[in-house]
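Coordinates from my_file23.pdb are shown below (PDB, C-alpha atoms and all ligand atoms).
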```pdb
ATOM      1  CA  MET A   1      18.152 -83.229 -29.843  1.00  0.00           C
ATOM      2  CA  VAL A   2      20.058 -83.265 -33.071  1.00  0.00           C
ATOM      3  CA  SER A   3      23.247 -81.612 -34.024  1.00  0.00           C
ATOM      4  CA  GLY A   4      22.590 -79.854 -37.263  1.00  0.00           C
ATOM      5  CA  LYS A   5      20.237 -77.426 -38.849  1.00  0.00           C
ATOM      6  CA  THR A   6      16.935 -77.929 -37.121  1.00  0.00           C
ATOM      7  CA  MET A   7      15.676 -78.159 -33.575  1.00  0.00           C
ATOM      8  CA  GLY A   8      14.657 -81.618 -32.416  1.00  0.00           C
ATOM      9  CA  TYR A   9      11.149 -82.593 -31.395  1.00  0.00           C
ATOM     10  CA  THR A  10      10.426 -83.188 -27.734  1.00  0.00           C
ATOM     11  CA  GLY A  11       8.358 -85.794 -25.943  1.00  0.00           C
ATOM     12  CA  ILE A  12       7.582 -83.345 -23.129  1.00  0.00           C
ATOM     13  CA  GLU A  13       3.965 -82.664 -23.842  1.00  0.00           C
ATOM     14  CA  TYR A  14       3.773 -78.951 -23.150  1.00  0.00           C
ATOM     15  CA  ALA A  15       6.226 -78.051 -25.908  1.00  0.00           C
ATOM     16  CA  GLU A  16       6.988 -78.982 -29.489  1.00  0.00           C
ATOM     17  CA  ARG A  17      10.747 -78.563 -29.888  1.00  0.00           C
ATOM     18  CA  SER A  18      13.971 -78.731 -27.960  1.00  0.00           C
ATOM     19  CA  PHE A  19      16.988 -76.478 -28.398  1.00  0.00           C
ATOM     20  CA  ASN A  20      20.024 -77.998 -26.745  1.00  0.00           C
ATOM     21  CA  THR A  21      23.208 -75.982 -26.820  1.00  0.00           C
ATOM     22  CA  ILE A  22      24.474 -76.835 -23.322  1.00  0.00           C
ATOM     23  CA  ILE A  23      24.399 -80.452 -22.151  1.00  0.00           C
ATOM     24  CA  GLY A  24      25.093 -81.698 -18.648  1.00  0.00           C
ATOM     25  CA  CYS A  25      24.268 -80.903 -15.043  1.00  0.00           C
ATOM     26  CA  ARG A  26      25.935 -81.039 -11.650  1.00  0.00           C
ATOM     27  CA  HIS A  27      22.865 -80.957  -9.403  1.00  0.00           C
ATOM     28  CA  ASN A  28      23.087 -84.740  -9.065  1.00  0.00           C
ATOM     29  CA  CYS A  29      19.404 -85.185  -8.235  1.00  0.00           C
ATOM     30  CA  PRO A  30      18.986 -88.429  -6.291  1.00  0.00           C
ATOM     31  CA  TRP A  31      16.075 -89.686  -8.366  1.00  0.00           C
ATOM     32  CA  ASP A  32      16.108 -91.078 -11.896  1.00  0.00           C
ATOM     33  CA  CYS A  33      17.016 -88.129 -14.094  1.00  0.00           C
ATOM     34  CA  TRP A  34      15.694 -88.609 -17.598  1.00  0.00           C
ATOM     35  CA  ALA A  35      18.244 -86.235 -19.145  1.00  0.00           C
ATOM     36  CA  ARG A  36      21.174 -87.916 -17.396  1.00  0.00           C
ATOM     37  CA  ASP A  37      19.953 -91.361 -18.430  1.00  0.00           C
ATOM     38  CA  VAL A  38      19.474 -90.412 -22.067  1.00  0.00           C
ATOM     39  CA  ALA A  39      22.723 -88.459 -22.362  1.00  0.00           C
ATOM     40  CA  THR A  40      24.926 -91.066 -20.730  1.00  0.00           C
ATOM     41  CA  THR A  41      23.411 -94.178 -22.287  1.00  0.00           C
ATOM     42  CA  ARG A  42      21.575 -93.729 -25.572  1.00  0.00           C
ATOM     43  CA  HIS A  43      23.704 -90.736 -26.561  1.00  0.00           C
ATOM     44  CA  ALA A  44      26.918 -91.636 -24.769  1.00  0.00           C
ATOM     45  CA  SER A  45      28.845 -91.685 -28.045  1.00  0.00           C
ATOM     46  CA  LYS A  46      27.934 -88.019 -28.506  1.00  0.00           C
ATOM     47  CA  TYR A  47      27.983 -86.696 -24.919  1.00  0.00           C
ATOM     48  CA  GLY A  48      30.177 -89.139 -23.021  1.00  0.00           C
ATOM     49  CA  GLU A  49      29.345 -90.976 -19.817  1.00  0.00           C
ATOM     50  CA  ASP A  50      29.926 -88.175 -17.325  1.00  0.00           C
ATOM     51  CA  PHE A  51      26.840 -85.957 -17.088  1.00  0.00           C
ATOM     52  CA  GLY A  52      28.796 -83.562 -14.869  1.00  0.00           C
ATOM     53  CA  ASP A  53      31.069 -82.781 -17.785  1.00  0.00           C
ATOM     54  CA  ILE A  54      29.286 -79.696 -19.177  1.00  0.00           C
ATOM     55  CA  GLN A  55      29.480 -79.279 -22.943  1.00  0.00           C
ATOM     56  CA  PHE A  56      28.601 -76.458 -25.307  1.00  0.00           C
ATOM     57  CA  PHE A  57      27.524 -76.982 -28.937  1.00  0.00           C
ATOM     58  CA  PRO A  58      27.915 -73.685 -30.820  1.00  0.00           C
ATOM     59  CA  ASP A  59      27.160 -75.429 -34.123  1.00  0.00           C
ATOM     60  CA  ARG A  60      23.493 -75.589 -33.027  1.00  0.00           C
ATOM     61  CA  LEU A  61      23.010 -71.878 -32.432  1.00  0.00           C
ATOM     62  CA  GLU A  62      21.334 -71.294 -35.796  1.00  0.00           C
ATOM     63  CA  GLN A  63      18.667 -73.941 -35.228  1.00  0.00           C
ATOM     64  CA  PRO A  64      15.761 -71.720 -34.081  1.00  0.00           C
ATOM     65  CA  MET A  65      16.162 -69.571 -37.204  1.00  0.00           C
ATOM     66  CA  HIS A  66      15.507 -72.552 -39.442  1.00  0.00           C
ATOM     67  CA  THR A  67      12.079 -73.310 -38.008  1.00  0.00           C
ATOM     68  CA  LYS A  68       9.731 -70.672 -39.329  1.00  0.00           C
ATOM     69  CA  LYS A  69       6.523 -71.865 -37.703  1.00  0.00           C
ATOM     70  CA  PRO A  70       6.184 -70.542 -34.123  1.00  0.00           C
ATOM     71  CA  GLN A  71       6.859 -73.287 -31.626  1.00  0.00           C
ATOM     72  CA  ARG A  72       7.114 -73.715 -27.885  1.00  0.00           C
ATOM     73  CA  VAL A  73      10.789 -74.508 -27.432  1.00  0.00           C
ATOM     74  CA  LEU A  74      12.427 -76.129 -24.411  1.00  0.00           C
ATOM     75  CA  VAL A  75      15.835 -74.534 -24.050  1.00  0.00           C
ATOM     76  CA  ASN A  76      18.482 -76.810 -22.608  1.00  0.00           C
ATOM     77  CA  PHE A  77      16.336 -79.282 -20.724  1.00  0.00           C
ATOM     78  CA  MET A  78      19.236 -81.760 -21.084  1.00  0.00           C
ATOM     79  CA  GLY A  79      20.801 -80.205 -18.015  1.00  0.00           C
ATOM     80  CA  ASP A  80      20.589 -76.868 -16.208  1.00  0.00           C
ATOM     81  CA  MET A  81      21.963 -74.020 -18.306  1.00  0.00           C
ATOM     82  CA  TRP A  82      21.611 -71.679 -15.295  1.00  0.00           C
ATOM     83  CA  GLY A  83      23.809 -73.772 -13.035  1.00  0.00           C
ATOM     84  CA  ASP A  84      26.632 -71.786 -11.419  1.00  0.00           C
ATOM     85  CA  TRP A  85      29.096 -73.926 -13.334  1.00  0.00           C
ATOM     86  CA  VAL A  86      27.961 -72.735 -16.802  1.00  0.00           C
ATOM     87  CA  PHE A  87      30.034 -70.033 -18.504  1.00  0.00           C
ATOM     88  CA  THR A  88      28.059 -66.811 -18.911  1.00  0.00           C
ATOM     89  CA  ASP A  89      29.325 -66.595 -22.471  1.00  0.00           C
ATOM     90  CA  TRP A  90      27.543 -69.870 -23.303  1.00  0.00           C
ATOM     91  CA  ILE A  91      24.311 -68.588 -21.803  1.00  0.00           C
ATOM     92  CA  ALA A  92      24.623 -65.281 -23.643  1.00  0.00           C
ATOM     93  CA  LYS A  93      25.215 -67.004 -26.975  1.00  0.00           C
ATOM     94  CA  THR A  94      22.209 -69.251 -26.442  1.00  0.00           C
ATOM     95  CA  LEU A  95      19.957 -66.312 -25.543  1.00  0.00           C
ATOM     96  CA  ASN A  96      21.211 -64.335 -28.508  1.00  0.00           C
ATOM     97  CA  ALA A  97      20.273 -67.260 -30.741  1.00  0.00           C
ATOM     98  CA  CYS A  98      16.753 -67.136 -29.291  1.00  0.00           C
ATOM     99  CA  GLU A  99      16.546 -63.391 -29.843  1.00  0.00           C
ATOM    100  CA  LYS A 100      17.260 -63.909 -33.531  1.00  0.00           C
ATOM    101  CA  ALA A 101      14.093 -66.005 -33.882  1.00  0.00           C
ATOM    102  CA  PRO A 102      11.613 -64.135 -31.659  1.00  0.00           C
ATOM    103  CA  TRP A 103       8.562 -65.832 -33.195  1.00  0.00           C
ATOM    104  CA  HIS A 104       9.075 -68.864 -30.937  1.00  0.00           C
ATOM    105  CA  HIS A 105       8.251 -69.130 -27.259  1.00  0.00           C
ATOM    106  CA  TYR A 106      11.323 -70.114 -25.288  1.00  0.00           C
ATOM    107  CA  ILE A 107      10.822 -72.116 -22.127  1.00  0.00           C
ATOM    108  CA  PHE A 108      13.588 -72.111 -19.508  1.00  0.00           C
ATOM    109  CA  LEU A 109      13.756 -74.118 -16.319  1.00  0.00           C
ATOM    110  CA  THR A 110      16.313 -74.164 -13.547  1.00  0.00           C
ATOM    111  CA  LYS A 111      17.011 -75.171  -9.991  1.00  0.00           C
ATOM    112  CA  ASN A 112      19.148 -72.060  -9.671  1.00  0.00           C
ATOM    113  CA  PRO A 113      16.764 -69.176 -10.459  1.00  0.00           C
ATOM    114  CA  LYS A 114      19.062 -66.650  -8.780  1.00  0.00           C
ATOM    115  CA  ARG A 115      21.033 -66.696 -11.964  1.00  0.00           C
ATOM    116  CA  TYR A 116      18.106 -65.338 -13.952  1.00  0.00           C
ATOM    117  CA  ALA A 117      19.048 -62.030 -12.379  1.00  0.00           C
ATOM    118  CA  ASP A 118      21.935 -61.895 -14.877  1.00  0.00           C
ATOM    119  CA  LEU A 119      19.354 -61.895 -17.627  1.00  0.00           C
ATOM    120  CA  MET A 120      17.830 -58.724 -16.300  1.00  0.00           C
ATOM    121  CA  ARG A 121      21.029 -56.731 -16.225  1.00  0.00           C
ATOM    122  CA  GLU A 122      21.757 -54.473 -19.157  1.00  0.00           C
ATOM    123  CA  ALA A 123      25.521 -54.527 -19.158  1.00  0.00           C
ATOM    124  CA  PRO A 124      27.796 -56.173 -19.895  1.00  0.00           C
ATOM    125  CA  PHE A 125      25.745 -58.877 -21.563  1.00  0.00           C
ATOM    126  CA  GLY A 126      22.594 -57.049 -22.611  1.00  0.00           C
ATOM    127  CA  PHE A 127      20.230 -60.006 -22.753  1.00  0.00           C
ATOM    128  CA  GLU A 128      17.750 -58.386 -25.072  1.00  0.00           C
ATOM    129  CA  ILE A 129      15.460 -61.380 -25.055  1.00  0.00           C
ATOM    130  CA  VAL A 130      13.473 -59.884 -22.189  1.00  0.00           C
ATOM    131  CA  ARG A 131      12.742 -56.876 -24.340  1.00  0.00           C
ATOM    132  CA  THR A 132      11.657 -58.740 -27.472  1.00  0.00           C
ATOM    133  CA  ASN A 133       8.232 -60.093 -28.240  1.00  0.00           C
ATOM    134  CA  ALA A 134       9.461 -63.561 -27.375  1.00  0.00           C
ATOM    135  CA  ARG A 135       8.603 -63.016 -23.695  1.00  0.00           C
ATOM    136  CA  PRO A 136      10.646 -65.920 -22.347  1.00  0.00           C
ATOM    137  CA  TRP A 137       9.041 -68.354 -19.962  1.00  0.00           C
ATOM    138  CA  LEU A 138      11.310 -68.415 -16.914  1.00  0.00           C
ATOM    139  CA  GLY A 139      10.633 -71.273 -14.561  1.00  0.00           C
ATOM    140  CA  THR A 140      12.011 -73.083 -11.586  1.00  0.00           C
ATOM    141  CA  SER A 141      11.515 -76.617 -10.273  1.00  0.00           C
ATOM    142  CA  VAL A 142      10.191 -77.196  -6.786  1.00  0.00           C
ATOM    143  CA  GLU A 143       9.785 -80.788  -5.684  1.00  0.00           C
ATOM    144  CA  SER A 144       8.926 -80.134  -2.032  1.00  0.00           C
ATOM    145  CA  VAL A 145       8.187 -77.301   0.377  1.00  0.00           C
ATOM    146  CA  GLU A 146      11.831 -77.367   1.522  1.00  0.00           C
ATOM    147  CA  LYS A 147      12.784 -75.896  -1.874  1.00  0.00           C
ATOM    148  CA  ILE A 148      10.425 -72.943  -1.559  1.00  0.00           C
ATOM    149  CA  GLY A 149      13.398 -70.537  -1.561  1.00  0.00           C
ATOM    150  CA  ARG A 150      13.690 -71.093  -5.307  1.00  0.00           C
ATOM    151  CA  LEU A 151      10.326 -69.383  -5.749  1.00  0.00           C
ATOM    152  CA  ASP A 152      11.574 -66.364  -3.802  1.00  0.00           C
ATOM    153  CA  ASP A 153      14.636 -66.246  -6.047  1.00  0.00           C
ATOM    154  CA  LEU A 154      12.504 -66.541  -9.173  1.00  0.00           C
ATOM    155  CA  ILE A 155      10.138 -63.798  -8.045  1.00  0.00           C
ATOM    156  CA  ASN A 156      12.978 -61.484  -7.033  1.00  0.00           C
ATOM    157  CA  ALA A 157      14.929 -62.057 -10.247  1.00  0.00           C
ATOM    158  CA  THR A 158      11.953 -61.442 -12.514  1.00  0.00           C
ATOM    159  CA  ASN A 159      10.167 -58.638 -10.717  1.00  0.00           C
ATOM    160  CA  ASN A 160       8.739 -56.126 -13.198  1.00  0.00           C
ATOM    161  CA  ALA A 161      10.310 -58.044 -16.111  1.00  0.00           C
ATOM    162  CA  HIS A 162       8.487 -58.845 -19.335  1.00  0.00           C
ATOM    163  CA  VAL A 163       8.632 -62.582 -18.747  1.00  0.00           C
ATOM    164  CA  LEU A 164       6.225 -65.389 -18.118  1.00  0.00           C
ATOM    165  CA  ARG A 165       6.956 -66.788 -14.698  1.00  0.00           C
ATOM    166  CA  TRP A 166       6.216 -70.464 -14.053  1.00  0.00           C
ATOM    167  CA  VAL A 167       6.922 -73.343 -11.730  1.00  0.00           C
ATOM    168  CA  SER A 168       7.359 -77.034 -12.388  1.00  0.00           C
ATOM    169  CA  LEU A 169       6.140 -79.120  -9.440  1.00  0.00           C
ATOM    170  CA  GLU A 170       7.601 -82.251 -10.983  1.00  0.00           C
ATOM    171  CA  PRO A 171       8.390 -84.621  -9.516  1.00  0.00           C
ATOM    172  CA  LEU A 172       6.059 -83.611  -6.705  1.00  0.00           C
ATOM    173  CA  LEU A 173       7.698 -85.541  -3.872  1.00  0.00           C
ATOM    174  CA  GLY A 174       6.329 -83.920  -0.719  1.00  0.00           C
ATOM    175  CA  ASN A 175       3.164 -82.473   0.712  1.00  0.00           C
ATOM    176  CA  PRO A 176       2.723 -78.983  -0.799  1.00  0.00           C
ATOM    177  CA  ILE A 177      -0.126 -77.938   1.480  1.00  0.00           C
ATOM    178  CA  ASP A 178       1.485 -74.930   3.078  1.00  0.00           C
ATOM    179  CA  ARG A 179       0.312 -71.306   3.405  1.00  0.00           C
ATOM    180  CA  SER A 180       3.771 -69.978   2.689  1.00  0.00           C
ATOM    181  CA  LEU A 181       3.979 -71.956  -0.553  1.00  0.00           C
ATOM    182  CA  GLU A 182       0.533 -70.691  -1.483  1.00  0.00           C
ATOM    183  CA  SER A 183       1.681 -67.093  -1.081  1.00  0.00           C
ATOM    184  CA  LYS A 184       4.495 -67.710  -3.603  1.00  0.00           C
ATOM    185  CA  LEU A 185       2.483 -69.732  -6.092  1.00  0.00           C
ATOM    186  CA  PHE A 186       0.083 -66.822  -6.252  1.00  0.00           C
ATOM    187  CA  HIS A 187       2.791 -64.952  -8.215  1.00  0.00           C
ATOM    188  CA  MET A 188       3.074 -67.585 -10.956  1.00  0.00           C
ATOM    189  CA  ASP A 189       1.642 -67.288 -14.475  1.00  0.00           C
ATOM    190  CA  TRP A 190       1.586 -71.038 -14.988  1.00  0.00           C
ATOM    191  CA  ILE A 191       1.897 -74.147 -12.814  1.00  0.00           C
ATOM    192  CA  VAL A 192       2.903 -77.614 -14.010  1.00  0.00           C
ATOM    193  CA  ILE A 193       2.370 -80.674 -11.808  1.00  0.00           C
ATOM    194  CA  GLY A 194       3.859 -84.122 -12.427  1.00  0.00           C
ATOM    195  CA  ALA A 195       4.919 -87.414 -10.874  1.00  0.00           C
ATOM    196  CA  LEU A 196       8.256 -89.117 -10.354  1.00  0.00           C
ATOM    197  CA  THR A 197       9.002 -91.449 -13.265  1.00  0.00           C
ATOM    198  CA  GLY A 198      11.843 -93.854 -13.968  1.00  0.00           C
ATOM    199  CA  LYS A 199      12.827 -97.086 -12.289  1.00  0.00           C
ATOM    200  CA  GLN A 200      11.108 -96.217  -8.998  1.00  0.00           C
ATOM    201  CA  PRO A 201       8.084 -94.181 -10.021  1.00  0.00           C
ATOM    202  CA  LYS A 202       5.962 -92.533  -7.380  1.00  0.00           C
ATOM    203  CA  GLN A 203       2.634 -90.777  -7.657  1.00  0.00           C
ATOM    204  CA  PRO A 204       1.844 -87.745  -5.497  1.00  0.00           C
ATOM    205  CA  GLU A 205      -0.975 -88.032  -3.001  1.00  0.00           C
ATOM    206  CA  LYS A 206      -4.455 -87.261  -4.318  1.00  0.00           C
ATOM    207  CA  GLU A 207      -5.042 -84.531  -1.734  1.00  0.00           C
ATOM    208  CA  TRP A 208      -1.785 -82.774  -2.680  1.00  0.00           C
ATOM    209  CA  VAL A 209      -2.856 -82.513  -6.321  1.00  0.00           C
ATOM    210  CA  GLU A 210      -6.394 -81.525  -5.375  1.00  0.00           C
ATOM    211  CA  TRP A 211      -5.092 -78.748  -3.124  1.00  0.00           C
ATOM    212  CA  LEU A 212      -2.882 -77.381  -5.919  1.00  0.00           C
ATOM    213  CA  VAL A 213      -5.665 -77.580  -8.487  1.00  0.00           C
ATOM    214  CA  GLN A 214      -8.028 -75.717  -6.157  1.00  0.00           C
ATOM    215  CA  LEU A 215      -5.369 -73.081  -5.535  1.00  0.00           C
ATOM    216  CA  CYS A 216      -4.963 -72.587  -9.299  1.00  0.00           C
ATOM    217  CA  LYS A 217      -8.720 -72.235  -9.681  1.00  0.00           C
ATOM    218  CA  ASP A 218      -9.008 -69.822  -6.754  1.00  0.00           C
ATOM    219  CA  TYR A 219      -6.276 -67.566  -8.124  1.00  0.00           C
ATOM    220  CA  ASN A 220      -7.153 -68.095 -11.785  1.00  0.00           C
ATOM    221  CA  ILE A 221      -3.714 -69.504 -12.617  1.00  0.00           C
ATOM    222  CA  PRO A 222      -3.543 -71.775 -15.697  1.00  0.00           C
ATOM    223  CA  TYR A 223      -2.270 -75.235 -14.766  1.00  0.00           C
ATOM    224  CA  PHE A 224      -1.007 -78.287 -16.605  1.00  0.00           C
ATOM    225  CA  LEU A 225      -1.275 -81.813 -15.200  1.00  0.00           C
ATOM    226  CA  LYS A 226       1.325 -83.985 -16.882  1.00  0.00           C
ATOM    227  CA  ASP A 227       0.519 -87.266 -18.568  1.00  0.00           C
ATOM    228  CA  ASN A 228       2.662 -89.122 -16.016  1.00  0.00           C
ATOM    229  CA  LEU A 229      -0.049 -88.614 -13.372  1.00  0.00           C
ATOM    230  CA  LYS A 230      -2.360 -91.609 -13.044  1.00  0.00           C
ATOM    231  CA  PHE A 231      -5.587 -89.674 -13.367  1.00  0.00           C
ATOM    232  CA  GLU A 232      -7.934 -92.596 -12.967  1.00  0.00           C
ATOM    233  CA  ALA A 233      -6.236 -93.961  -9.858  1.00  0.00           C
ATOM    234  CA  LEU A 234      -6.027 -90.471  -8.370  1.00  0.00           C
ATOM    235  CA  GLY A 235      -9.636 -89.717  -9.318  1.00  0.00           C
ATOM    236  CA  ILE A 236      -8.555 -86.398 -10.811  1.00  0.00           C
ATOM    237  CA  GLU A 237      -9.613 -84.854 -14.076  1.00  0.00           C
ATOM    238  CA  LYS A 238      -6.847 -84.365 -16.637  1.00  0.00           C
ATOM    239  CA  VAL A 239      -6.540 -80.650 -17.278  1.00  0.00           C
ATOM    240  CA  GLN A 240      -3.767 -79.220 -19.460  1.00  0.00           C
ATOM    241  CA  GLN A 241      -4.009 -75.470 -19.717  1.00  0.00           C
ATOM    242  CA  TYR A 242      -1.460 -73.073 -21.135  1.00  0.00           C
ATOM    243  CA  PRO A 243      -0.635 -69.594 -19.934  1.00  0.00           C
ATOM    244  CA  ASN A 244      -3.257 -67.114 -21.008  1.00  0.00           C
ATOM    245  CA  GLY A 245      -3.030 -66.295 -24.684  1.00  0.00           C
ATOM    246  CA  PHE A 246      -0.158 -68.669 -25.403  1.00  0.00           C
ATOM    247  CA  LYS A 247      -1.857 -71.787 -26.739  1.00  0.00           C
ATOM    248  CA  LYS A 248      -3.294 -70.239 -29.850  1.00  0.00           C
ATOM    249  CA  ILE A 249      -0.092 -68.623 -31.042  1.00  0.00           C
ATOM    250  CA  VAL A 250       1.559 -71.895 -31.973  1.00  0.00           C
ATOM    251  CA  GLU A 251      -1.467 -73.711 -33.434  1.00  0.00           C
TER
HETATM  252  S1  LIG A 301      18.517 -80.705 -12.253  1.00  0.00           S
HETATM  253 FE1  LIG A 301      17.428 -81.776 -13.871  1.00  0.00          FE
HETATM  254  S2  LIG A 301      19.020 -82.355 -15.323  1.00  0.00           S
HETATM  255 FE2  LIG A 301      20.052 -81.866 -13.402  1.00  0.00          FE
HETATM  256  S3  LIG A 301      20.285 -83.847 -12.361  1.00  0.00           S
HETATM  257 FE3  LIG A 301      18.394 -82.855 -11.606  1.00  0.00          FE
HETATM  258  S4  LIG A 301      16.737 -83.682 -12.905  1.00  0.00           S
HETATM  259 FE4  LIG A 301      18.711 -84.085 -13.946  1.00  0.00          FE
END
```
Encoded form (structure tokens):
Amino acid sequence: MVSGKTMGYTGIEYAERSFNTIIGCRHNCPWDCWARDVATTRHASKYGEDFGDIQFFPDRLEQPMHTKKPQRVLVNFMGDMWGDWVFTDWIAKTLNACEKAPWHHYIFLTKNPKRYADLMREAPFGFEIVRTNARPWLGTSVESVEKIGRLDDLINATNNAHVLRWVSLEPLLGNPIDRSLESKLFHMDWIVIGALTGKQPKQPEKEWVEWLVQLCKDYNIPYFLKDNLKFEALGIEKVQQYPNGFKKIVE
């Protein structure tokens, strides 16, 4: 998370680097948002105190080019770059920067996966990233069954596209045991499961995690249990898999 020549490192354990060109978010999630906390406190001198004030940093667009070793890169996890409030031009410039360094694996995450559909359109923006070897990882967050519509939007937006489709069940706040959810998760290439952290942390129920793990095993979907799960207390084995064929590339 530096302004300058190189991408910053990330503490999120499934990636190595972060590429932050667009900071801020207007989803106003009611739980402790790590990005909002960091941006508006530790980095307030740089980003200000209003996380809803969306900012673009074009001076960072060259950063991926300057890291030659292939890395898993989190793109704009300090907000939601696919929010309806983000200028398409900012998204296009960010994607173009990724296209120029296709040796990395770019990981995207949104609560507004409908907007990925823009990525699939040829004109007027021509987001070539879906046609490069980079094969972007396009994900959405689902914290409870009520948000299942995001999976429909993700699936519809990425149908037949050369992308890796994934879901972040973090924080897992509600019971996921649901046949309808199962039928959507079946379409994922990778599933991440995590707990609520922050000032009022909350672990998911053991049977919720067990059900998801069994589903991943049944459908042969790689899954990643985040370090914020209390494995011993839950009595669950820590398993951190990557999408098929993607671990080796960066090691
Ligand atoms: S969508 Fe993400 S960045 Fe935005 S408020 Fe919610 S947790 Fe924070």
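Residues in contact range of A:Val167, defined as at most 6 Å between only C-alpha atoms, with sequence neighbours fewer than 6 positions away removed, read Gly139, Thr140, Ser141 and Ile191 of chain A.
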Checklist entry - Written as a list in words, what is the full residue list that the PyMOL selection byres (((chain A and resi 90) around 9) and not hetatm) yields on the file shown? => result Thr21, Ile22, Phe56, Pro58, Met81, Val86, Phe87, Thr88, Asp89, Ile91, Ala92, Lys93, Thr94 and Leu95 of chain A
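The closest residue to A:Ile221, picked from A:Lys206, A:Gln240, A:Asp189, A:Asp118 and counting all atoms listed in the file, is A:Asp189.
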Next on the checklist: Can you translate the PyMOL selection byres (((chain A and resi 172) around 10) and not hetatm) into the concrete residues it hits in this file, as a list in words?
Outcome noted: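 After applying the PyMOL selection byres (((chain A and resi 172) around 10) and not hetatm), what remains is Ser141, Val142, Glu143, Ser144, Val145, Ser168, Leu169, Glu170, Pro171, Leu173, Gly174, Asn175, Pro176, Val192, Ile193, Gly194, Ala195, Leu196, Lys202, Gln203, Pro204, Glu205, Trp208 and Val209 of chain A.
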Next on the checklist: Counting all atoms listed in the file, which residues have an atom no more than 7 Å from (8.1, -65.2, -33.4) in the file's coordinates? Please list them as a list of chain:residue names.
Outcome noted: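 Checked against the point, the hits come out as A:Pro70, A:Ala101, A:Pro102, A:Trp103, A:His104, A:Ala134.
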Completed stretch 25-37 of chain A (N, CA and C atoms) as a short mmCIF file (atom, residue, chain, number, x, y, z; two decimals), keeping the file's coordinate frame:
```
data_model
loop_
_atom_site.label_atom_id
_atom_site.label_comp_id
_atom_site.auth_asym_id
_atom_site.auth_seq_id
_atom_site.Cartn_x
_atom_site.Cartn_y
_atom_site.Cartn_z
N CYS A 25 24.81 -81.49 -16.27
CA CYS A 25 24.27 -80.90 -15.04
C CYS A 25 25.05 -81.45 -13.85
N ARG A 26 25.22 -80.59 -12.86
CA ARG A 26 25.94 -81.04 -11.65
C ARG A 26 25.06 -81.01 -10.40
N HIS A 27 23.74 -80.93 -10.58
CA HIS A 27 22.86 -80.96 -9.40
C HIS A 27 22.82 -82.35 -8.77
N ASN A 28 23.08 -83.36 -9.59
CA ASN A 28 23.09 -84.74 -9.06
C ASN A 28 21.81 -85.10 -8.31
N CYS A 29 20.68 -84.85 -8.89
CA CYS A 29 19.40 -85.18 -8.24
C CYS A 29 19.38 -86.68 -7.91
N PRO A 30 18.89 -87.04 -6.73
CA PRO A 30 18.99 -88.43 -6.29
C PRO A 30 18.00 -89.37 -6.97
N TRP A 31 17.03 -88.83 -7.68
CA TRP A 31 16.08 -89.69 -8.37
C TRP A 31 16.54 -89.94 -9.80
N ASP A 32 15.81 -90.78 -10.50
CA ASP A 32 16.11 -91.08 -11.90
C ASP A 32 15.98 -89.81 -12.72
N CYS A 33 17.07 -89.34 -13.27
CA CYS A 33 17.02 -88.13 -14.09
C CYS A 33 16.97 -88.56 -15.55
N TRP A 34 15.88 -88.20 -16.21
CA TRP A 34 15.69 -88.61 -17.60
C TRP A 34 16.84 -88.09 -18.48
N ALA A 35 17.20 -86.83 -18.30
CA ALA A 35 18.24 -86.24 -19.14
C ALA A 35 19.58 -86.95 -18.94
N ARG A 36 19.91 -87.23 -17.70
CA ARG A 36 21.17 -87.92 -17.40
C ARG A 36 21.18 -89.31 -18.01
N ASP A 37 20.04 -90.01 -17.87
CA ASP A 37 19.95 -91.36 -18.43
C ASP A 37 20.14 -91.35 -19.94
#
```
